[in-house]
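For reference, protein-v8.cif (mmCIF, C-alpha atoms and all ligand atoms):
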data_entry
loop_
_atom_site.group_PDB
_atom_site.id
_atom_site.type_symbol
_atom_site.label_atom_id
_atom_site.label_comp_id
_atom_site.auth_asym_id
_atom_site.auth_seq_id
_atom_site.Cartn_x
_atom_site.Cartn_y
_atom_site.Cartn_z
ATOM 1 C CA MET A 1 -0.369 -18.250 -21.217
ATOM 2 C CA ILE A 2 1.300 -14.950 -21.960
ATOM 3 C CA PRO A 3 4.575 -15.485 -23.884
ATOM 4 C CA LYS A 4 7.600 -14.079 -22.044
ATOM 5 C CA SER A 5 8.684 -12.282 -25.189
ATOM 6 C CA HIS A 6 5.549 -10.131 -25.166
ATOM 7 C CA PRO A 7 6.515 -6.455 -24.751
ATOM 8 C CA ARG A 8 3.819 -6.001 -22.090
ATOM 9 C CA TYR A 9 4.641 -9.277 -20.332
ATOM 10 C CA GLU A 10 5.076 -7.990 -16.775
ATOM 11 C CA SER A 11 2.061 -5.747 -16.973
ATOM 12 C CA LEU A 12 -0.132 -8.485 -18.432
ATOM 13 C CA LEU A 13 0.959 -10.860 -15.703
ATOM 14 C CA LEU A 14 -0.264 -8.408 -13.075
ATOM 15 C CA ARG A 15 -3.510 -7.889 -14.956
ATOM 16 C CA ASP A 16 -3.986 -11.640 -14.974
ATOM 17 C CA LYS A 17 -3.569 -11.777 -11.193
ATOM 18 C CA ILE A 18 -6.207 -9.084 -10.800
ATOM 19 C CA VAL A 19 -8.645 -10.878 -13.101
ATOM 20 C CA LYS A 20 -8.140 -14.153 -11.198
ATOM 21 C CA ALA A 21 -8.725 -12.394 -7.869
ATOM 22 C CA ALA A 22 -12.011 -11.024 -9.198
ATOM 23 C CA GLN A 23 -13.012 -14.473 -10.441
ATOM 24 C CA LYS A 24 -12.201 -15.994 -7.052
ATOM 25 C CA GLY A 25 -14.507 -13.405 -5.506
ATOM 26 C CA TYR A 26 -12.227 -11.398 -3.236
ATOM 27 C CA LEU A 27 -11.748 -8.354 -5.465
ATOM 28 C CA ALA A 28 -14.583 -5.900 -6.056
ATOM 29 C CA ASP A 29 -15.306 -4.761 -9.638
ATOM 30 C CA SER A 30 -14.077 -1.307 -8.713
ATOM 31 C CA GLY A 31 -10.772 -2.924 -7.711
ATOM 32 C CA MET A 32 -10.261 -3.863 -11.351
ATOM 33 C CA ILE A 33 -10.891 -0.289 -12.406
ATOM 34 C CA ALA A 34 -8.493 1.005 -9.753
ATOM 35 C CA HIS A 35 -5.860 -1.328 -11.166
ATOM 36 C CA GLY A 36 -6.387 0.128 -14.628
ATOM 37 C CA ARG A 37 -5.843 3.622 -13.320
ATOM 38 C CA GLY A 38 -2.662 2.473 -11.632
ATOM 39 C CA GLU A 39 -1.472 0.818 -14.861
ATOM 40 C CA ALA A 40 -1.829 4.083 -16.753
ATOM 41 C CA PHE A 41 0.312 5.976 -14.263
ATOM 42 C CA ASP A 42 2.869 3.183 -14.189
ATOM 43 C CA TYR A 43 3.123 3.354 -17.992
ATOM 44 C CA LEU A 44 3.827 7.064 -17.783
ATOM 45 C CA ILE A 45 6.725 6.621 -15.353
ATOM 46 C CA GLY A 46 8.274 3.883 -17.486
ATOM 47 C CA GLU A 47 7.242 1.098 -15.067
ATOM 48 C CA LYS A 48 10.345 1.786 -13.012
ATOM 49 C CA THR A 49 10.917 2.943 -9.461
ATOM 50 C CA THR A 50 11.813 6.619 -9.581
ATOM 51 C CA TYR A 51 14.250 8.470 -7.366
ATOM 52 C CA PRO A 52 11.575 10.354 -5.353
ATOM 53 C CA ALA A 53 9.816 7.028 -4.729
ATOM 54 C CA LYS A 54 13.050 5.527 -3.410
ATOM 55 C CA ARG A 55 13.573 8.474 -1.106
ATOM 56 C CA ALA A 56 9.996 8.180 0.197
ATOM 57 C CA MET A 57 10.521 4.473 0.797
ATOM 58 C CA TYR A 58 13.599 5.065 2.975
ATOM 59 C CA VAL A 59 11.655 7.595 5.020
ATOM 60 C CA ALA A 60 8.633 5.295 5.233
ATOM 61 C CA VAL A 61 10.651 2.352 6.493
ATOM 62 C CA ALA A 62 12.397 4.577 9.043
ATOM 63 C CA ALA A 63 8.997 5.804 10.280
ATOM 64 C CA LEU A 64 7.669 2.250 10.476
ATOM 65 C CA LEU A 65 10.719 1.061 12.424
ATOM 66 C CA LEU A 66 10.284 3.951 14.866
ATOM 67 C CA SER A 67 6.596 3.157 15.475
ATOM 68 C CA ASN A 68 5.114 1.403 18.477
ATOM 69 C CA ASN A 69 2.215 -0.212 16.666
ATOM 70 C CA PRO A 70 2.717 -0.174 12.888
ATOM 71 C CA VAL A 71 0.046 -1.806 10.749
ATOM 72 C CA ILE A 72 -0.012 -2.697 7.061
ATOM 73 C CA SER A 73 -3.515 -2.335 5.683
ATOM 74 C CA VAL A 74 -4.400 -4.733 2.870
ATOM 75 C CA ASN A 75 -7.236 -4.939 0.370
ATOM 76 C CA GLY A 76 -8.042 -7.243 -2.541
ATOM 77 C CA ASN A 77 -5.639 -5.551 -4.980
ATOM 78 C CA ALA A 78 -2.680 -5.601 -2.593
ATOM 79 C CA THR A 79 -3.361 -9.234 -1.741
ATOM 80 C CA ALA A 80 -3.704 -10.306 -5.379
ATOM 81 C CA LEU A 81 -0.479 -8.597 -6.413
ATOM 82 C CA ALA A 82 1.883 -8.977 -3.484
ATOM 83 C CA ILE A 83 0.680 -11.279 -0.694
ATOM 84 C CA ASP A 84 4.022 -12.993 0.015
ATOM 85 C CA GLU A 85 5.962 -9.747 -0.249
ATOM 86 C CA ILE A 86 3.571 -8.077 2.222
ATOM 87 C CA ILE A 87 4.038 -10.912 4.704
ATOM 88 C CA ASP A 88 7.841 -10.591 4.352
ATOM 89 C CA LEU A 89 7.709 -6.840 4.919
ATOM 90 C CA ALA A 90 5.480 -7.242 7.981
ATOM 91 C CA LYS A 91 8.044 -9.590 9.486
ATOM 92 C CA ALA A 92 10.976 -7.328 8.612
ATOM 93 C CA ILE A 93 9.456 -4.264 10.292
ATOM 94 C CA ASN A 94 7.518 -6.109 12.984
ATOM 95 C CA ALA A 95 4.158 -4.813 11.771
ATOM 96 C CA LYS A 96 0.696 -6.311 11.911
ATOM 97 C CA ILE A 97 -1.403 -6.919 8.798
ATOM 98 C CA GLU A 98 -5.055 -5.896 8.706
ATOM 99 C CA ILE A 99 -7.748 -6.523 6.110
ATOM 100 C CA ASN A 100 -9.321 -3.225 5.208
ATOM 101 C CA LEU A 101 -11.834 -3.286 2.383
ATOM 102 C CA PHE A 102 -13.598 -0.390 0.756
ATOM 103 C CA TYR A 103 -16.455 -2.711 -0.217
ATOM 104 C CA ARG A 104 -16.338 -4.940 2.823
ATOM 105 C CA THR A 105 -18.386 -8.123 2.620
ATOM 106 C CA ASP A 106 -18.107 -11.155 4.882
ATOM 107 C CA GLU A 107 -17.332 -13.326 1.878
ATOM 108 C CA ARG A 108 -14.375 -11.192 0.728
ATOM 109 C CA VAL A 109 -13.036 -10.961 4.268
ATOM 110 C CA ARG A 110 -13.325 -14.714 4.661
ATOM 111 C CA LEU A 111 -11.523 -15.399 1.365
ATOM 112 C CA ILE A 112 -8.694 -12.969 2.096
ATOM 113 C CA THR A 113 -8.281 -14.313 5.639
ATOM 114 C CA LYS A 114 -7.931 -17.818 4.209
ATOM 115 C CA LEU A 115 -5.388 -16.666 1.623
ATOM 116 C CA TYR A 116 -3.098 -15.186 4.277
ATOM 117 C CA LYS A 117 -3.430 -18.342 6.357
ATOM 118 C CA ASP A 118 -2.645 -20.495 3.318
ATOM 119 C CA HIS A 119 0.439 -18.365 2.734
ATOM 120 C CA GLY A 120 1.631 -19.049 6.277
ATOM 121 C CA TYR A 121 0.408 -15.875 7.998
ATOM 122 C CA LYS A 122 -1.917 -16.756 10.857
ATOM 123 C CA ASP A 123 -2.427 -13.491 12.742
ATOM 124 C CA ILE A 124 -4.325 -11.448 10.187
ATOM 125 C CA LEU A 125 -6.423 -8.680 11.746
ATOM 126 C CA GLY A 126 -9.746 -7.340 10.508
ATOM 127 C CA SER A 127 -11.048 -10.872 9.984
ATOM 128 C CA LEU A 128 -14.628 -11.907 10.757
ATOM 129 C CA ASP A 129 -13.818 -12.993 14.309
ATOM 130 C CA ASP A 130 -11.779 -9.869 15.121
ATOM 131 C CA ASP A 131 -12.844 -7.171 17.552
ATOM 132 C CA MET A 132 -13.792 -4.140 15.405
ATOM 133 C CA GLU A 133 -14.179 -0.524 16.487
ATOM 134 C CA TYR A 134 -15.086 2.723 14.755
ATOM 135 C CA ILE A 135 -12.351 5.353 14.446
ATOM 136 C CA ASP A 136 -13.354 8.612 16.173
ATOM 137 C CA ASP A 137 -16.803 7.104 16.647
ATOM 138 C CA ILE A 138 -17.634 7.529 12.951
ATOM 139 C CA LYS A 139 -20.332 4.867 12.519
ATOM 140 C CA ASN A 140 -19.491 4.124 8.922
ATOM 141 C CA ASN A 141 -17.846 1.150 7.236
ATOM 142 C CA ARG A 142 -15.046 3.445 6.044
ATOM 143 C CA ALA A 143 -14.084 4.019 9.663
ATOM 144 C CA SER A 144 -14.135 0.456 10.950
ATOM 145 C CA ALA A 145 -10.834 -0.874 12.211
ATOM 146 C CA SER A 146 -9.473 -3.706 14.313
ATOM 147 C CA LYS A 147 -9.126 -2.776 17.974
ATOM 148 C CA ASN A 148 -5.556 -4.103 18.202
ATOM 149 C CA GLY A 149 -4.668 -3.045 14.683
ATOM 150 C CA ILE A 150 -5.449 0.141 12.780
ATOM 151 C CA TYR A 151 -7.704 1.455 15.558
ATOM 152 C CA SER A 152 -4.788 1.664 17.986
ATOM 153 C CA ALA A 153 -1.954 2.006 15.425
ATOM 154 C CA ASP A 154 0.380 4.991 15.423
ATOM 155 C CA THR A 155 1.554 4.387 11.844
ATOM 156 C CA VAL A 156 -0.421 2.789 9.027
ATOM 157 C CA LEU A 157 0.909 1.736 5.647
ATOM 158 C CA VAL A 158 -2.044 1.888 3.266
ATOM 159 C CA PRO A 159 -1.222 0.817 -0.268
ATOM 160 C CA LEU A 160 -3.858 1.729 -2.848
ATOM 161 C CA GLU A 161 -6.118 3.415 -0.346
ATOM 162 C CA ASP A 162 -9.191 5.454 -1.136
ATOM 163 C CA GLY A 163 -9.174 9.140 -0.253
ATOM 164 C CA ASP A 164 -12.180 9.027 2.097
ATOM 165 C CA ARG A 165 -10.649 6.357 4.223
ATOM 166 C CA ALA A 166 -7.213 7.992 4.184
ATOM 167 C CA GLU A 167 -8.810 11.196 5.413
ATOM 168 C CA ILE A 168 -10.441 9.464 8.370
ATOM 169 C CA LEU A 169 -7.139 7.833 9.321
ATOM 170 C CA LYS A 170 -5.254 11.094 8.941
ATOM 171 C CA LYS A 171 -7.735 13.090 11.012
ATOM 172 C CA SER A 172 -7.469 10.559 13.813
ATOM 173 C CA GLY A 173 -3.839 11.605 14.235
ATOM 174 C CA LYS A 174 -2.061 8.590 12.788
ATOM 175 C CA LYS A 175 0.974 8.765 10.567
ATOM 176 C CA ILE A 176 -0.139 7.663 7.116
ATOM 177 C CA ILE A 177 2.130 6.126 4.517
ATOM 178 C CA THR A 178 0.734 5.276 1.112
ATOM 179 C CA ILE A 179 1.927 3.463 -1.969
ATOM 180 C CA ASP A 180 -0.075 4.988 -4.795
ATOM 181 C CA LEU A 181 0.931 5.354 -8.445
ATOM 182 C CA ASN A 182 -1.199 8.472 -8.745
ATOM 183 C CA PRO A 183 0.639 11.421 -7.188
ATOM 184 C CA LEU A 184 -2.500 13.551 -7.657
ATOM 185 C CA SER A 185 -4.881 11.323 -5.696
ATOM 186 C CA ARG A 186 -6.383 12.616 -2.474
ATOM 187 C CA THR A 187 -4.667 9.769 -0.675
ATOM 188 C CA SER A 188 -1.230 10.799 -1.979
ATOM 189 C CA LYS A 189 -1.847 14.426 -1.056
ATOM 190 C CA MET A 190 -3.193 13.630 2.378
ATOM 191 C CA SER A 191 -0.573 11.143 3.475
ATOM 192 C CA ASP A 192 2.509 11.980 5.503
ATOM 193 C CA ILE A 193 4.694 9.894 3.226
ATOM 194 C CA SER A 194 3.557 9.087 -0.337
ATOM 195 C CA ILE A 195 5.380 6.525 -2.414
ATOM 196 C CA MET A 196 4.512 6.882 -6.098
ATOM 197 C CA ASP A 197 5.349 3.372 -7.199
ATOM 198 C CA ASN A 198 3.772 0.065 -8.104
ATOM 199 C CA ILE A 199 3.126 -2.013 -5.016
ATOM 200 C CA VAL A 200 4.852 -4.991 -6.657
ATOM 201 C CA ARG A 201 8.137 -3.068 -6.825
ATOM 202 C CA ALA A 202 7.766 -1.014 -3.665
ATOM 203 C CA ILE A 203 7.034 -3.687 -1.060
ATOM 204 C CA PRO A 204 10.090 -5.930 -1.724
ATOM 205 C CA PHE A 205 12.283 -2.847 -1.997
ATOM 206 C CA MET A 206 11.062 -1.687 1.411
ATOM 207 C CA THR A 207 11.917 -5.057 2.921
ATOM 208 C CA LYS A 208 15.487 -4.659 1.646
ATOM 209 C CA ILE A 209 15.640 -1.133 3.037
ATOM 210 C CA ALA A 210 14.438 -2.449 6.408
ATOM 211 C CA GLU A 211 17.368 -4.851 6.610
ATOM 212 C CA ASP A 212 19.691 -1.907 6.037
ATOM 213 C CA LEU A 213 17.990 0.618 8.332
ATOM 214 C CA LYS A 214 17.691 -1.866 11.182
ATOM 215 C CA THR A 215 21.465 -1.651 11.579
ATOM 216 C CA GLN A 216 21.374 2.171 11.929
ATOM 217 C CA ASP A 217 20.896 4.005 15.199
ATOM 218 C CA LYS A 218 17.622 5.630 16.196
ATOM 219 C CA LYS A 219 18.885 9.174 15.677
ATOM 220 C CA PHE A 220 19.649 8.412 12.027
ATOM 221 C CA LEU A 221 16.077 7.182 11.502
ATOM 222 C CA ILE A 222 14.557 10.178 13.290
ATOM 223 C CA ASP A 223 16.594 12.570 11.124
ATOM 224 C CA LEU A 224 15.486 10.781 7.959
ATOM 225 C CA VAL A 225 11.835 11.248 8.914
ATOM 226 C CA ASN A 226 12.186 14.840 10.108
ATOM 227 C CA GLU A 227 14.074 16.047 7.054
ATOM 228 C CA PHE A 228 11.472 14.738 4.630
ATOM 229 C CA ASP A 229 9.035 17.092 2.906
ATOM 230 C CA ASN A 230 6.179 15.109 1.364
ATOM 231 C CA GLU A 231 4.743 17.993 -0.618
ATOM 232 C CA GLU A 232 8.100 18.671 -2.240
ATOM 233 C CA ASN A 233 8.660 14.978 -2.902
ATOM 234 C CA LEU A 234 5.235 14.676 -4.531
ATOM 235 C CA LYS A 235 6.100 17.580 -6.825
ATOM 236 C CA GLU A 236 9.274 15.772 -7.833
ATOM 237 C CA SER A 237 7.272 12.578 -8.313
ATOM 238 C CA LEU A 238 4.890 14.365 -10.654
ATOM 239 C CA GLN A 239 7.828 15.620 -12.719
ATOM 240 C CA GLN A 240 8.749 11.986 -13.392
ATOM 241 C CA ILE A 241 5.632 11.577 -15.501
ATOM 242 C CA LYS A 242 6.652 11.804 -19.132
ATOM 243 C CA ILE A 243 4.024 12.720 -21.667
ATOM 244 C CA LYS A 244 6.233 13.278 -24.715
ATOM 245 C CA GLU A 245 7.499 10.320 -26.674
ATOM 246 C CA GLY A 246 11.232 9.774 -26.438
ATOM 247 C CA GLU A 247 11.684 11.884 -23.341
HETATM 248 P P1 LIG B 1 -8.371 8.980 -4.079
HETATM 249 O O1 LIG B 1 -9.652 8.397 -3.555
HETATM 250 O O2 LIG B 1 -7.213 8.826 -3.151
HETATM 251 O O3 LIG B 1 -8.490 10.369 -4.629
HETATM 252 P P2 LIG B 1 -8.831 7.531 -6.509
HETATM 253 O O4 LIG B 1 -10.286 7.649 -6.217
HETATM 254 O O5 LIG B 1 -8.288 8.131 -7.753
HETATM 255 O O6 LIG B 1 -7.955 8.054 -5.315
HETATM 256 P P3 LIG B 1 -8.993 4.809 -5.714
HETATM 257 O O7 LIG B 1 -9.629 3.858 -6.630
HETATM 258 O O8 LIG B 1 -9.757 5.325 -4.570
HETATM 259 O O9 LIG B 1 -8.420 6.020 -6.563
HETATM 260 O O10 LIG B 1 -7.625 4.205 -5.170
HETATM 261 C C1 LIG B 1 -6.810 3.384 -5.942
HETATM 262 C C2 LIG B 1 -5.469 4.022 -6.195
HETATM 263 O O11 LIG B 1 -4.499 3.009 -6.303
HETATM 264 C C3 LIG B 1 -5.392 4.800 -7.501
HETATM 265 O O12 LIG B 1 -4.877 6.072 -7.245
HETATM 266 C C4 LIG B 1 -4.414 4.027 -8.404
HETATM 267 O O13 LIG B 1 -3.595 4.880 -9.159
HETATM 268 C C5 LIG B 1 -3.611 3.262 -7.390
HETATM 269 N N1 LIG B 1 -3.088 1.957 -7.851
HETATM 270 C C6 LIG B 1 -3.725 1.016 -8.579
HETATM 271 N N2 LIG B 1 -2.946 -0.068 -8.785
HETATM 272 C C7 LIG B 1 -1.778 0.177 -8.142
HETATM 273 C C8 LIG B 1 -0.581 -0.573 -7.951
HETATM 274 N N3 LIG B 1 -0.412 -1.787 -8.484
HETATM 275 N N4 LIG B 1 0.410 -0.012 -7.217
HETATM 276 C C9 LIG B 1 0.237 1.204 -6.659
HETATM 277 N N5 LIG B 1 -0.855 1.965 -6.810
HETATM 278 C C10 LIG B 1 -1.865 1.467 -7.533
HETATM 279 MG MG MG B 2 -11.151 7.122 -4.341
#

Using the file provided, produce a representation of the structure as structure tokens.
Ligand code: ATP
Ligand code: MG
Amino acid sequence: MIPKSHPRYESLLLRDKIVKAAQKGYLADSGMIAHGRGEAFDYLIGEKTTYPAKRAMYVAVAALLLSNNPVISVNGNATALAIDEIIDLAKAINAKIEINLFYRTDERVRLITKLYKDHGYKDILGSLDDDMEYIDDIKNNRASASKNGIYSADTVLVPLEDGDRAEILKKSGKKIITIDLNPLSRTSKMSDISIMDNIVRAIPFMTKIAEDLKTQDKKFLIDLVNEFDNEENLKESLQQIKIKEGE
């Protein structure tokens, strides 16, 4: 048990969830390393949601609400850290959820499918009995996607995505939204909307935003999306990284 008074309490709690997910067998070893990289960036932004991240989240939710077939892509990390929050967001924006693993094995897919079912979400895509296709006919695991999910989606929210996969999605003409603590990653640079924040803060915040934006008219949402400049916002995100003590 980590004592609540520990200065790194929140961070250690997340680390514990990641370790447990690895022990249960649904998180690849590289998922643990990816978490460590995320931790480092989170430390450098003070483990708080920054203003550019908030702005990107408003735009992202607007884009998701405007989509015909939005899909939230989930992997082991996202599931370990924010399964209930992801399910809530999917409901709030009327999106599907699809399992999308960099190191896809039947066992991991089976375990993650069961977790979502145990948490009350029955319609998970990308499971073992789902109809899978290859995006743009790229016969590679990185390009596999559920026929009714990512394969036919117009907008995909991909938290903690790898750059290779993000590139395939982007090239296929989909709108890509990422939640990635590293504003320098290929995924962040390649996405249409990049949210530099920890998934555990971003997802519930986006659900709240959805409740607000759902009451706005379509024109308001379209303007939000059109006025956004991801490159500029990423530059501002990068400026939030403090490397001098006391800054
Ligand atoms: P890319 O392939 O896009 O260049 P990468 O190779 O540096 O990125 P990956 O391991 O492929 O990184 O993807 C994991 C990404 O997820 C990392 O950029 C990491 O910073 C980020 N990340 C890890 N944990 C979290 C978290 N809890 N919330 C948000 N982002 C996270
Ligand atoms: Mg990568």

Inset, instruction - List all protein, DNA and RNA residues that have an atom no more than 8 Å from any atom of ligand LIG 1 (chain B), counting all atoms listed in the file, and report them as a PyMOL selection string. - result: chain A and resi 30-31+33-41+77-78+81+159-164+166+179-188+196-200

Legend entry - region 118-132 of chain A surroundings by all atoms listed in the file, 8 Å radius, close-in-sequence under 5 positions cut, as a VMD selection string: chain A and resid 83 to 84 87 96 to 100 106 109 to 110 113 144 to 149

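Here the residues that fall within 6 Å of (-14.1, -16.8, -3.7), using all atoms listed in the file, are given as A:Lys24, A:Gly25, A:Tyr26, A:Leu111.
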
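Listed by chain and then by number, the residues chosen by the PyMOL selection byres (((chain A and resi 141) around 9) and not hetatm) in this file are Leu101, Phe102, Tyr103, Arg104, Tyr134, Ile138, Lys139, Asn140, Arg142, Ala143, Ser144 and Ala145 of chain A.
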
Inset, instruction - Please measure the separation of CA of Ala80 (chain A) and CA of Arg15 (chain A), giving the value in Å to one decimal. - result: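 Answer for the CA of Ala80 (chain A) to CA of Arg15 (chain A) separation: 9.9 Å.
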
Legend entry - For region 45-58 of chain A: contacts at 7 Å, all atoms listed in the file, fewer than 6 positions along chain excluded, given as a list in words: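 In the requested form, the answer reads Ile193, Ser194, Ile195, Met196, Asp197, Met206, Ile209, Asn233, Glu236, Ser237, Gln240, Ile241 and Lys242 of chain A.
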
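In this comparison, which uses only C-alpha atoms and all ligand atoms, the residue of A:Lys17, A:Lys117, A:Arg165, A:Arg8 approaching ligand MG 2 (chain B) most closely is A:Arg165.
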
Legend entry - Pick from A:Ile18, A:Met190, A:Leu213, A:Met32 nearest to Ile93 (chain A), counting only C-alpha atoms: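 Checking each candidate against Ile93 (chain A), we get A:Leu213 as the closest.
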
Legend entry - Using all atoms listed in the file: which of A:Thr178, A:Asn69, A:Gln239, A:Gln23 has the shortest distance to Ile203 (chain A):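 Distance minimum relative to Ile203 (chain A) lands on A:Thr178.
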
Legend entry - Selected residue, from A:Glu232, A:Glu167, A:Asp217, A:Asp42, that lies nearest to ligand MG 2 (chain B) when counting all atoms listed in the file: A:Glu167

Legend entry - Residue nearest Pro204 (chain A) - candidates A:Leu44, A:Ile168, A:Ile86, A:Leu157, atoms counted: all atoms listed in the file: A:Ile86

Calculate, to one decimal in Å, the centre and edge lengths of the box along x, y and z of the file that holds all listed atoms of region 213-219 of chain A with 6 Å of margin on each side, and present them as AutoDock Vina command-line options.
--center_x 19.5 --center_y 3.7 --center_z 12.3 --size_x 15.8 --size_y 23.0 --size_z 19.9

Inset, instruction - Provide the CA of Leu238 (chain A) to CA of Ala202 (chain A) distance in Å, to one decimal place. - result: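 Computed distance, CA of Leu238 (chain A) to CA of Ala202 (chain A), equals 17.1 Å.
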
Inset, instruction - Given the file shown, determine the residues that the PyMOL selection byres (((chain A and resi 66) around 8) and not hetatm) selects; report them as a ChimeraX atom specification. - result: /A:62-65,67-68,218,221-222

Legend entry - Contact residues around Leu13 (chain A) with only C-alpha atoms at 10 Å, ignoring same-chain residues under 6 positions, as a list in words: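 Final neighbour list, sorted by chain and number: Met1, Ile2, Lys4, Val19 and Leu81 of chain A.
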
Could you write out the selected residues, including C-alpha atoms, as an mmCIF file, keeping the file's coordinate frame?
data_model
loop_
_atom_site.group_PDB
_atom_site.id
_atom_site.type_symbol
_atom_site.label_atom_id
_atom_site.label_comp_id
_atom_site.auth_asym_id
_atom_site.auth_seq_id
_atom_site.Cartn_x
_atom_site.Cartn_y
_atom_site.Cartn_z
ATOM 1 C CA MET A 1 -0.369 -18.250 -21.217
ATOM 2 C CA ILE A 2 1.300 -14.950 -21.960
ATOM 3 C CA LYS A 4 7.600 -14.079 -22.044
ATOM 4 C CA VAL A 19 -8.645 -10.878 -13.101
ATOM 5 C CA LEU A 81 -0.479 -8.597 -6.413
#

Inset, instruction - Quote the spacing between atom MG of ligand MG 2 (chain B) and CA of Glu227 (chain A) in Å to one decimal place. - result: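 Between atom MG of ligand MG 2 (chain B) and CA of Glu227 (chain A) the gap is 29.1 Å.
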
Inset, instruction - Using all atoms listed in the file, pick whichever of A:Ser11, A:Thr215, A:Ser5, A:Ser172 has the shortest atom-to-atom distance to Ile150 (chain A). - result: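 Under the stated criterion, the closest residue is A:Ser172.
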
Legend entry - Test item: the PyMOL selection byres (((chain A and resi 154) around 9) and not hetatm) resolved as a ChimeraX atom specification: /A:67-71,150-153,155-156,173-176
